[in-house]
Amino acid sequence: MSLEQLLLPLEHLELEAVELAGTTITIVTSSNRPCAVCPSCHTSSERVHSGYRRTVADLPWADRRLVLRMQVRRFFCPLAMCPKRTFAERFGSSIPPFARRTTRLTDALRALTFTAGGQASARLAQLLAMPLSPRTALRLLHAHPLPSVPMPHVVGLDDWAWKKGRSYGTICVDLEHHQPIDLLPDREPTTIAAWLQKYPSIEIVARDRGGEFIDGVRQGAPQAIQVADRFHLVKNLGDALEYLFHQHTALMKEVFEQVATQQVASTPKLRRIPSLDGASTSKRAKTNSEAWERRARERYQQIHELHAQGIDVATVARHLHVSRPTVYRYLQMPAPPTRAQTHVRERHVIEPWKPYLIQRWHEGCRNALELWRELRDQHGYRHSPRTVVRFLELLRRDSGTYRSFRAVAPQPIYAVDREPMRPLTALQAKRLWLSRPTERSAWLEAYRLALCARDDTLAKAYTLTQGFVTMVRERRGDRLDLWLSESASSGITPLQTFAKGLQRDYKAVKAGLTLNWSNGQTEAQVHRLKLLKRAMYGQADFELLRQRVLYREQPYRARSKAGHEAAAA
C-alpha cells in the first residue's frame with residue numbers, strides 16, 4: 001500500500017497537489033474513474049456534463065487540519081426514462097453525498113462527543129485539529145442511530161433518579177452481554193410492562209424489590225422468573241438490625257467498657273510505636289463530628305417533645321423537614337445517637353507497613369535499606385527508601401540506640417498498633433453482625449460474644465443474621481423456609497417485619513438465593529448513568545442521556561476493517 005492510498009479515504013482518488021497554509025493542509029484531488037453510476041436508475045455513464053469543486057474535511061495529519069479539495073464531475077444519464085438528466089459522481093460511504101466531512105472524521109468526532117459531551121468535545125476537537133461547534137457535536141450525537149438489540153433472555157431492571165425523591169426512570173440491562181439495552185423515562189408499572197412485552201424471549205428478570213417493578217414484570221413478562229437482588233436483601237436485613245441496635249444503645253456502651261477494660265488488662269506493657277509527621281489527629285474531623293452530634297441531640301429532643309404532645313409522625317416529619325423513617329428511628333432510641341469517629345487520623349504512608357517493620361526490628365534487623373528491599377520485593381511497597389530510613393531513625397532515637405545499625409539479638413520492645421477500641425454505633429454493630437467471623441479483629445469478636453452473653457435477643461439475632469447471609473453467599477435457597485419460620489417465632493420485631501416482607505415476595509427472593517443472576521451489573525450501569533448525567537450538569541434531556549448511555553463504540557479493528565472494505569468497494 002502506497003502512502004497516497006494510506007492517507008486518502010478512497011483508492012480511486014488521484015492526488016494532484018498538496019498546499020500548506022497556516023495550520024491547514026489542503027489536498028487537491030479528483031477521481032480517476034472513467035465513468036459513474038446514476039444514483040436513480042443505476043445506469044453507467046461516460047458522458048461528462050460539467051464539473052465543480054467540493055471541499056471535504058478529513059482526519060488531521062499530525063497537528064494540522066486536513067481538507068480535501070475535490071474536483072467532482074457531473075454526468076449525463078443515458079436512460080431517457082430516468083427522472084435525473086444529470087447527476088454528480090458518488091464516492092461511496094467514505095464520503096457521503098452533500099457531506100462536509102468524511103465518514104471517518106464524523107465517526108471520530110461522534111465518539112469524542114459521546115465520551116466527553118458537547119462543550120468538552122468541542123474544546124478537545126479544537127486542540128486535536130478537528131474543529132466543530134458544540135451544537136454540531138450534539139447534532140452528530142442525536143443523528144447516531146441507537147444500537148440494535150438482540151432478543152435478550154436475562155435482563156436486569158433498576159431505577160435511577162432524575163431528581164432524587166421526586167422523579168425516577170428505569171434502566172434495562174442485558175445481563176448476558178453486559179450491555180444496557182434501553183432507558184425508560186419513568187418507573188411506572190405500565191411503562192415497564194409495555195417494554196417487556198416487546199421482548200417475549202425474556203426468561204429471567206433480576207429486579208429491584210420496589211412494588212412498581214414487581215407489578216410491571218408480572219404484567220409484561222408473566223413467563224419470566226423474577227430474581228430479587230441479593231444486595232438489597234442484605235441491606236434490608238441490615239436496616240432491621242440497625243433498628244434493633246438503636247434499642248440497645250445503653251447495653252452496648254456498658255458492654256464496651258467491660259470489654260475494653262479486659263483488653264487493656266490482658267495487653268503486655270510494651271512501648272507504643274512512635275509516629276512520623278502526618279499521623280496527628282484531624283481537628284476538622286473532630287469538629288464535624290461534634291457538630292453532627294449537637295444537631296442529632298436537638299432533633300432527638302424536638303421529635304420526642306412533639307410526639308409527647310400527641311402529634312402524628314407524618315406531621316412531625318413535615319415540621320422538622322425529615323423523613324418518616326427518621327422519626328420512627330429516633331422514637332425507638334432511648335438516648336440521642338452518637339457518631340463514631342472513624343476518620344480522626346491522617347495516615348502516614350508508612351502506616352500499613354509498620355507491623356512488618358516492627359516485627360523485623362524485634363527480630364534484630366537494623367538495616368533500613370535491607371528492610372526497604374524486603375518491603376518492595378515481598379509486599380509491594382512503592383515509596384522511597386528515605387521513608388523507611390526516617391522511621392528506623394525514629395525507633396533508634398526512641399529506644400536510645402542512636403548508632404545501632406548492626407543486627408542484634410531478638411527482643412520485643414513495642415506493642416504493634418491494633419485496631420482502636422471505640423464504642424460502636426448501631427450502624428457499626430449492624431456491620432459486625434453481618435460480617436464473616438474471619439473478618440473481625442480479636443476485640444470485636446470479644447465484644448460480640450459479650451453482647452450475646454448479656455442479651456438473648458441479640459444472640460438470637462446474630463444466629464439468624466449469620467444464617468441468612470450464609471444463604472446469600474452460598475446460594476442456599478432451600479433453607480429459606482426454615483429461616484422464615486425461625487424468624488417468625490423469634491420474638492424480634494424488626495426481624496419479624498423483615499421476614500414478612502420476604503414472604504410477600506417469596507418466589508423472587510428464593511430465586512435470588514438460588515440462581516447466580518443478580519442486579520450487580522445493573523447497579524454498575526446506574527453508577528455510569530449518574531456519571532454521564534452529572535458530567536452534563538443535569539442540563540441534558542432524556543433523549544440525549546439515552547443516546548449516551550446506550551452508545552457502544554465499535555472496536556478500532558472492526559472500524560479499520562470496515563473502512564478498508566468500503567474503500568476497496
# chains A, B, ... in the order shown; residues from 1 in each chain; ligands from 1
$ closest_atom_pairs --of "region 505-539 of chain A" --to "region 227-239 of chain A" --cutoff "12 Å" --atoms "only C-alpha atoms" --output "tab-separated table"
residue	atom	partner	partner_atom	distance
A:Asp505	CA	A:Ala228	CA	8.2
A:Tyr506	CA	A:Ala228	CA	9.3
A:Lys507	CA	A:Val227	CA	8.0
A:Ala508	CA	A:Val227	CA	4.6
A:Val509	CA	A:Ala228	CA	5.1
A:Lys510	CA	A:Val227	CA	7.8
A:Ala511	CA	A:Val227	CA	5.2
A:Gly512	CA	A:Val227	CA	4.8
A:Leu513	CA	A:Arg230	CA	7.2
A:Thr514	CA	A:Val227	CA	9.2
A:Leu515	CA	A:Val227	CA	8.0
A:Asn516	CA	A:Val227	CA	9.6
A:Trp517	CA	A:Val227	CA	7.4
A:Ser518	CA	A:Asp229	CA	5.4
A:Asn519	CA	A:Asp229	CA	5.4
A:Gly520	CA	A:Phe231	CA	7.8
A:Gln521	CA	A:Asp229	CA	10.8
A:Thr522	CA	A:Asp229	CA	10.0
A:Glu523	CA	A:Phe231	CA	9.8
$ residues_around --residues "Leu451 (chain A)" --least-positions-apart "5" --cutoff "8 Å" --atoms "only C-alpha atoms" --output "short mmCIF file (atom, residue, chain, number, x, y, z; two decimals) with C-alpha atoms, in the first residue's frame"
data_model
loop_
_atom_site.label_atom_id
_atom_site.label_comp_id
_atom_site.auth_asym_id
_atom_site.auth_seq_id
_atom_site.Cartn_x
_atom_site.Cartn_y
_atom_site.Cartn_z
CA LEU A 251 -26.28 -2.01 76.89
CA MET A 252 -23.75 -1.59 74.05
CA VAL A 255 -20.54 -3.96 77.50
CA LEU A 458 -29.03 -10.00 70.32
CA ALA A 459 -27.67 -13.58 70.46
#
$ residues_around --residues "Leu434 (chain A)" --least-positions-apart "5" --cutoff "10 Å" --atoms "only C-alpha atoms" --output "ChimeraX atom specification"
/A:234-235,237-238,241,428-429,462,465-470
$ closest_residue --among "A:Pro337, A:His12, A:Pro150, A:Ala161" --to "Trp292 (chain A)" --atoms "only C-alpha atoms"
A:Pro337
$ residues_around --residues "Leu59 (chain A)" --least-positions-apart "5" --cutoff "8 Å" --atoms "only C-alpha atoms" --output "short mmCIF file (atom, residue, chain, number, x, y, z; two decimals) with C-alpha atoms, in the first residue's frame"
data_model
loop_
_atom_site.label_atom_id
_atom_site.label_comp_id
_atom_site.auth_asym_id
_atom_site.auth_seq_id
_atom_site.Cartn_x
_atom_site.Cartn_y
_atom_site.Cartn_z
CA ARG A 65 -6.24 20.29 9.92
CA LEU A 66 -6.73 18.37 6.65
CA THR A 102 -15.51 12.22 5.60
CA ARG A 104 -14.03 8.52 9.40
CA LEU A 105 -13.81 12.12 10.66
CA MET A 130 -10.81 18.75 14.15
#
$ atom_distance --atom1 "CA of Asp186 (chain A)" --atom2 "CA of Val149 (chain A)"
20.6 Å
$ select_by_dssp --residues "region 61-211 of chain A" --states "helix (DSSP H, G or I)" --output "JSON, numbers by chain"
{"A": [92, 93, 94, 103, 104, 105, 106, 107, 108, 109, 110, 111, 112, 113, 114, 115, 116, 118, 119, 120, 121, 122, 123, 124, 125, 126, 127, 134, 135, 136, 137, 138, 139, 140, 141, 142, 143, 189, 190, 191, 192, 193, 194, 195, 196, 197, 211]}
